[in-house]
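**Q** Structure below; questions to follow.
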Protein chains: 2
Amino acid sequence: MSETSVSCLITKLSHYLTLTDDSREKLAILEEEEISFSRGSEIYTIDDANEHLYVVKSGWLYTYLDLPDGRRQIVKIHHPGDIIGFADIAFRQATTNLAAAEDVVLCPFPKRGLRMIFGEAPQITALMFSIAVRDQVVLLDTLRALGRMSSRERLVYFLLDLVSRLRITNRSMTDTFRLPLTQTEIGDTIGLTNVYVSRAFTALEKDGLIARTAKGVRIVSEAELKAMVDFADRYEQMDTTWFPE
Amino acid sequence: MSETSVSCLITKLSHYLTLTDDSREKLAILEEEEISFSRGSEIYTIDDANEHLYVVKSGWLYTYLDLPDGRRQIVKIHHPGDIIGFADIAFRQATTNLAAAEDVVLCPFPKRGLRMIFGEAPQITALMFSIAVRDQVVLLDTLRALGRMSSRERLVYFLLDLVSRLRITNRSMTDTFRLPLTQTEIGDTIGLTNVYVSRAFTALEKDGLIARTAKGVRIVSEAELKAMVDFADRYEQMDTTWFPE
DNA sequence: CGGGTCGTTGACCGTGATCAAGTAACGTGG
DNA sequence: CCACGTTACTTGATCACGGTCAACGACCCG
């Protein structure tokens with residue numbers, strides 16, 4: 001099983017504050033069980049009874065919504081260390097669909113597991129609440145991108161947002177990262193077709209703003225890109241001064 | 001002052017559960033102070049220190065984000081009974097701007113007021129948490145609209161969302177409602193220009209799906225409109241079964 | 001070797017942006 | 001009470017961005 005490997009959930013949360021031993025033990029419980037899904041699997045779909053949340057152990061996934069005519073909107077991409085399912089906590093049935101973008105390993109735990117956290121681990125509770133709220137602010141930024149930005153700007157925003165998130169769990173990451181999503185999936189995320197994602201990519205590359213490697217992307221001129229879309233990093237810093245303990 | 005007038009905050013929350021007398025007293029404290037702003041006022045802007053939350057007493061407001069070149073995206077419209085500012089709770093400075101769409105009255109209260117609620121009123125705490133999460137799901141629906149819908153569909157989604165929300169505080173409302181927003185503001189909300197909002201309106205009216213009154217709109221064929229955008233009402237029902245007390 | 005997926009490129013088209021002119025409603029001041 | 005200026009909405013003409021359709025090449029895996 002997971003043995004002594006470092007938990008990516010703990011790594012992610014540790015970025016924001018030093019976890020007590022007690023907190024670490026509580027979190028370990030959330031990662032006891034493991035399930036694997038292969039690329040393309042639908043983990044749950046709309047209207048399923050949603051009794052579980054999931055910690056991502058490895059691999060990327062995404063949450064999406066469908067339109068009657070087959071169009072699709074990806075609303076959130078999940079990375080190792082993320083907790084999936086918070087948004088549906090107030091509803092009896094799932095309001096979104098979850099699919100695996102590549103082969104993944106998840107740790108499911110019942111909603112009741114949260115009750116234990118909420119009741120006994122105020123430090124983690126406060127942090128989870130903050131993360132939920134932070135995600136909301138990120139959604140607002142995304143809304144701005146989809147509502148008002150050109151195709152190139154949307155792609156730039158998408159890439160910068162990814163880099164900022166990935167840096168939380170991988171501090172050694174510089175400016176190159178793996179991107180295990182098809183251009184169709186990227187398009188479904190930023191409201192474009194695969195064709196225009198391709199064109200936006202080549203345009204940015206031609207301008208020397210990014211470079212593309214085998215299965216990844218390198219951010220060449222981060223400052224310039226950030227200025228293009230007035231990018232604010234919502235992940236790096238968070239106000240934890242009001243936390244208990 | 002507000003005398004014995006019914007609080008719209010209490011009205012709104014009562015829609016979901018029966019509030020205890022103790023809960024009502026706690027909520028009343030949040031509505032003690034009052035400030036008025038006239039139409040067009042900026043209540044706060046990005047990077048302001050955000051020490052207050054606001055309960056909307058009367059009038060409509062909206063939260064928005066700017067782009068460097070002057071484009072603007074409205075990300076949330078606020079009605080009487082709404083609490084404004086939850087999203088910024090995890091940040092030291094405001095991440096959004098707040099403006100009054102018409103003359104409004106707000107009840108500001110310091111963030112510390114929330115600590116009192118969190119500590120002493122578990123029923124309201126659970127409800128507020130649920131509302132915050134519910135708002136997140138609504139944002140996902142909006143993301144889908146901005147990412148994948150045509151101009152007419154966007155306007156339809158916008159109107160249906162408004163109606164659903166307004167029905168929470170005004171149960172007697174049928175299908176006609178006041179719309180105190182300019183078409184430019186509506187465009188900034190759904191990612192269109194004022195010109196195309198106008199065209200979408202006249203198109204929907206010509207098809208007999210809506211009708212326009214002096215300062216408002218009437219939903220003529222709600223079922224048809226809902227089918228157009230696969231609309232799900234996120235406001236009417238909420239899972240309160242897990243609440244304490 | 002063959003089939004499938006993914007990315008690229010070109011041609012064409014359509015939706016919505018942009019620019020501009022005109023109208024209606026309203027508030028203000030003379 | 002009217003004249004004026006402002007704001008909001010409408011409508012038309014033109015344009016451009018991104019969608020759609022199609023063909024092709026690269027790569028992967030069976």
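All residue names refer to the structure tokens as shown: chains lettered A, B, ... in order, residues numbered from 1 in each chain, ligands numbered from 1 in order.
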Using DSSP secondary structure from the backbone, list all strand (DSSP E or B) positions within segment 1-241 of chain B, as a ChimeraX atom specification.
**A** /B:35-37,42-44,49,52-58,61-66,72-78,83-84,93,97-100,104-110,176-178,210-212,216-219
**Q** Name all residues at most 10 Å from DA20 of chain C (count only C-alpha atoms (C1' of nucleotides); drop same-chain ones fewer than 2 positions away) and give them as a list in words.
**A**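 Those residues are DT18 and DG22 of chain C; DG12 and DA13 of chain D.
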**Q** Using only C-alpha atoms (C1' of nucleotides), which protein or nucleic acid residues come within 12 Å of DG3 of chain C? Drop anything in the same chain fewer than 3 positions from it, and give the result as a short mmCIF file (atom, residue, chain, number, x, y, z; two decimals) with N, CA, C and O atoms (P, O5', C5', C4', C3', O3' and C1' of nucleotides), in the first residue's frame.
**A**
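Saved file around.cif follows:
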data_model
loop_
_atom_site.label_atom_id
_atom_site.label_comp_id
_atom_site.auth_asym_id
_atom_site.auth_seq_id
_atom_site.Cartn_x
_atom_site.Cartn_y
_atom_site.Cartn_z
P DC D 28 5.14 8.01 -29.56
"O5'" DC D 28 3.92 7.09 -29.12
"C5'" DC D 28 2.66 7.70 -28.86
"C4'" DC D 28 1.60 6.63 -28.75
"C3'" DC D 28 2.12 5.29 -28.23
"O3'" DC D 28 1.25 4.84 -27.20
"C1'" DC D 28 0.96 4.99 -30.29
P DC D 29 1.74 3.81 -26.14
"O5'" DC D 29 0.80 2.58 -26.45
"C5'" DC D 29 -0.58 2.81 -26.72
"C4'" DC D 29 -1.16 1.63 -27.46
"C3'" DC D 29 -0.55 0.28 -27.06
"O3'" DC D 29 -1.59 -0.60 -26.70
"C1'" DC D 29 -0.62 0.51 -29.42
P DG D 30 -1.32 -2.08 -26.33
"O5'" DG D 30 -2.15 -2.83 -27.46
"C5'" DG D 30 -3.44 -2.32 -27.83
"C4'" DG D 30 -3.95 -3.05 -29.06
"C3'" DG D 30 -3.82 -4.57 -28.98
"O3'" DG D 30 -4.94 -5.16 -29.61
"C1'" DG D 30 -2.54 -3.77 -30.81
#
**Q** Show me, as a ChimeraX atom specification, the residues that have an atom within 12 Å of DA16 of chain D when counting only C-alpha atoms (C1' of nucleotides), minus same-chain residues fewer than 6 positions from it.
**A** /A:150 /C:14-18
**Q** Would you save the residues of that selection, restricted to C-alpha atoms (C1' of nucleotides), as a short mmCIF file (atom, residue, chain, number, x, y, z; two decimals), in the first residue's frame?
**A**
data_model
loop_
_atom_site.label_atom_id
_atom_site.label_comp_id
_atom_site.auth_asym_id
_atom_site.auth_seq_id
_atom_site.Cartn_x
_atom_site.Cartn_y
_atom_site.Cartn_z
CA SER A 150 -9.47 36.59 -26.31
"C1'" DG C 14 -21.25 32.91 -38.73
"C1'" DT C 15 -21.71 35.08 -34.35
"C1'" DG C 16 -20.92 38.80 -31.91
"C1'" DA C 17 -17.74 43.10 -31.62
"C1'" DT C 18 -17.19 47.63 -33.24
#
**Q** As a count of residues only, please: the residues near Val156 of chain A (cut-off 9 Å, only C-alpha atoms (C1' of nucleotides), same-chain neighbours under 6 positions excluded).
**A** 5
**Q** Return the single residue from A:Ala145, A:Ala211, A:Ala232, A:Cys107 that is closest to Ser164 of chain A, with distances computed using only C-alpha atoms.
**A** A:Ala232
**Q** When you get a sec, could you note down which chain A residues fall within 9 Å of chain C, using only C-alpha atoms (C1' of nucleotides), as a list of chain:residue names?
**A** A:Thr182, A:Gln183, A:Asn194, A:Val195, A:Ser198, A:Arg199
**Q** Could the residues in this selection be written to a file with N, CA, C and O atoms, as a PDB file, in the first residue's frame?
**A**
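out_6.pdb was written with the following content:
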ATOM      1  N   THR A 182      -5.533  16.726 -23.435  1.00  0.00           N
ATOM      2  CA  THR A 182      -5.596  16.937 -24.880  1.00  0.00           C
ATOM      3  C   THR A 182      -6.013  18.384 -25.140  1.00  0.00           C
ATOM      4  O   THR A 182      -6.540  19.057 -24.245  1.00  0.00           O
ATOM      5  N   GLN A 183      -5.802  18.836 -26.342  1.00  0.00           N
ATOM      6  CA  GLN A 183      -6.182  20.210 -26.663  1.00  0.00           C
ATOM      7  C   GLN A 183      -7.697  20.365 -26.659  1.00  0.00           C
ATOM      8  O   GLN A 183      -8.209  21.460 -26.421  1.00  0.00           O
ATOM      9  N   ASN A 194     -10.787  22.716 -30.040  1.00  0.00           N
ATOM     10  CA  ASN A 194      -9.420  22.192 -30.114  1.00  0.00           C
ATOM     11  C   ASN A 194      -8.623  22.911 -31.199  1.00  0.00           C
ATOM     12  O   ASN A 194      -7.432  23.164 -31.041  1.00  0.00           O
ATOM     13  N   VAL A 195      -9.270  23.249 -32.295  1.00  0.00           N
ATOM     14  CA  VAL A 195      -8.577  23.934 -33.390  1.00  0.00           C
ATOM     15  C   VAL A 195      -7.995  25.262 -32.918  1.00  0.00           C
ATOM     16  O   VAL A 195      -6.827  25.573 -33.191  1.00  0.00           O
ATOM     17  N   SER A 198      -5.039  24.942 -30.582  1.00  0.00           N
ATOM     18  CA  SER A 198      -3.814  24.685 -31.350  1.00  0.00           C
ATOM     19  C   SER A 198      -3.239  25.988 -31.896  1.00  0.00           C
ATOM     20  O   SER A 198      -2.045  26.259 -31.783  1.00  0.00           O
ATOM     21  N   ARG A 199      -4.099  26.802 -32.489  1.00  0.00           N
ATOM     22  CA  ARG A 199      -3.618  28.054 -33.077  1.00  0.00           C
ATOM     23  C   ARG A 199      -3.072  29.003 -32.003  1.00  0.00           C
ATOM     24  O   ARG A 199      -2.061  29.671 -32.215  1.00  0.00           O
TER      25      ARG A 199
END
**Q** Chain A least-squares fit onto chain B, all C-alpha atoms in order: RMSD in Å?
**A** 0.0 Å
**Q** Report as an MDAnalysis selection string the set of chain D residues whose atoms approach chain B to within 9 Å, with distances computed over only C-alpha atoms (C1' of nucleotides).
**A** chainID D and resid 8:10
**Q** Considering only C-alpha atoms, tabulate each residue of chain B that lies at most 6 Å from chain A along with its nearest interatomic pair and the corresponding distance in Å to one decimal; arrange the rows by chain and ascending residue number and present them as JSON lines.
**A**
{"residue": "B:Gln73", "atom": "CA", "partner": "A:Arg144", "partner_atom": "CA", "distance": 5.4}
{"residue": "B:Ala87", "atom": "CA", "partner": "A:Val133", "partner_atom": "CA", "distance": 5.6}
{"residue": "B:Ala90", "atom": "CA", "partner": "A:Asp239", "partner_atom": "CA", "distance": 5.3}
{"residue": "B:Phe91", "atom": "CA", "partner": "A:Asp239", "partner_atom": "CA", "distance": 5.2}
{"residue": "B:Ser130", "atom": "CA", "partner": "A:Ala90", "partner_atom": "CA", "distance": 5.4}
{"residue": "B:Val133", "atom": "CA", "partner": "A:Ala87", "partner_atom": "CA", "distance": 5.5}
{"residue": "B:Leu143", "atom": "CA", "partner": "A:Leu143", "partner_atom": "CA", "distance": 6.0}
{"residue": "B:Arg144", "atom": "CA", "partner": "A:Gln73", "partner_atom": "CA", "distance": 5.4}
{"residue": "B:Leu146", "atom": "CA", "partner": "A:Gly147", "partner_atom": "CA", "distance": 5.7}
{"residue": "B:Gly147", "atom": "CA", "partner": "A:Gly191", "partner_atom": "CA", "distance": 4.2}
{"residue": "B:Arg148", "atom": "CA", "partner": "A:Gly191", "partner_atom": "CA", "distance": 5.9}
{"residue": "B:Gly191", "atom": "CA", "partner": "A:Gly147", "partner_atom": "CA", "distance": 4.2}
{"residue": "B:Met238", "atom": "CA", "partner": "A:Phe91", "partner_atom": "CA", "distance": 6.0}
{"residue": "B:Asp239", "atom": "CA", "partner": "A:Phe91", "partner_atom": "CA", "distance": 5.2}
**Q** Could you give me, as a PyMOL selection string, the residues within 10 Å of Glu120 of chain B, counting only C-alpha atoms (C1' of nucleotides) and dropping anything in the same chain fewer than 4 positions from it?
**A** chain B and resi 22-23+26+114-116+124-125
**Q** I'd like the neighbourhood of Leu181 of chain A as a list in words, where a residue qualifies if any of its atoms comes within 10 Å (using only C-alpha atoms (C1' of nucleotides)), though same-chain residues fewer than 6 positions away should be ignored.
**A** Trp60, Leu61, Tyr62, Ile77, Ala101, Glu102, Gly187, Lys215 and Gly216 of chain A
**Q** Restricted to N, CA, C and O atoms, what would the selected residues look like written as a PDB file, in the first residue's frame?
**A**
ATOM      1  N   TRP A  60      -4.123  13.320 -12.918  1.00  0.00           N
ATOM      2  CA  TRP A  60      -4.994  14.494 -13.060  1.00  0.00           C
ATOM      3  C   TRP A  60      -6.415  14.049 -13.381  1.00  0.00           C
ATOM      4  O   TRP A  60      -6.616  13.047 -14.075  1.00  0.00           O
ATOM      5  N   LEU A  61      -7.370  14.834 -12.890  1.00  0.00           N
ATOM      6  CA  LEU A  61      -8.785  14.593 -13.210  1.00  0.00           C
ATOM      7  C   LEU A  61      -9.440  15.935 -13.508  1.00  0.00           C
ATOM      8  O   LEU A  61      -8.828  16.983 -13.316  1.00  0.00           O
ATOM      9  N   TYR A  62     -10.671  15.876 -13.995  1.00  0.00           N
ATOM     10  CA  TYR A  62     -11.396  17.136 -14.139  1.00  0.00           C
ATOM     11  C   TYR A  62     -12.882  16.950 -13.889  1.00  0.00           C
ATOM     12  O   TYR A  62     -13.453  15.894 -14.122  1.00  0.00           O
ATOM     13  N   ILE A  77      -9.871  21.501 -12.737  1.00  0.00           N
ATOM     14  CA  ILE A  77      -8.898  20.435 -12.939  1.00  0.00           C
ATOM     15  C   ILE A  77      -8.312  20.072 -11.587  1.00  0.00           C
ATOM     16  O   ILE A  77      -8.007  20.954 -10.777  1.00  0.00           O
ATOM     17  N   ALA A 101      -8.351  12.294 -16.326  1.00  0.00           N
ATOM     18  CA  ALA A 101      -7.649  12.767 -17.522  1.00  0.00           C
ATOM     19  C   ALA A 101      -6.506  11.831 -17.891  1.00  0.00           C
ATOM     20  O   ALA A 101      -6.023  11.842 -19.016  1.00  0.00           O
ATOM     21  N   GLU A 102      -6.072  11.025 -16.940  1.00  0.00           N
ATOM     22  CA  GLU A 102      -5.030  10.023 -17.167  1.00  0.00           C
ATOM     23  C   GLU A 102      -5.250   8.933 -16.126  1.00  0.00           C
ATOM     24  O   GLU A 102      -6.225   8.977 -15.394  1.00  0.00           O
ATOM     25  N   GLY A 187      -9.520  23.106 -24.487  1.00  0.00           N
ATOM     26  CA  GLY A 187     -10.566  23.937 -25.085  1.00  0.00           C
ATOM     27  C   GLY A 187     -11.852  23.906 -24.277  1.00  0.00           C
ATOM     28  O   GLY A 187     -12.482  24.948 -24.058  1.00  0.00           O
ATOM     29  N   LYS A 215       5.853  16.339 -23.792  1.00  0.00           N
ATOM     30  CA  LYS A 215       4.494  16.235 -23.242  1.00  0.00           C
ATOM     31  C   LYS A 215       4.205  17.391 -22.295  1.00  0.00           C
ATOM     32  O   LYS A 215       3.366  17.279 -21.405  1.00  0.00           O
ATOM     33  N   GLY A 216       4.939  18.471 -22.488  1.00  0.00           N
ATOM     34  CA  GLY A 216       4.765  19.549 -21.528  1.00  0.00           C
ATOM     35  C   GLY A 216       4.930  20.932 -22.128  1.00  0.00           C
ATOM     36  O   GLY A 216       5.025  21.094 -23.335  1.00  0.00           O
TER      37      GLY A 216
END
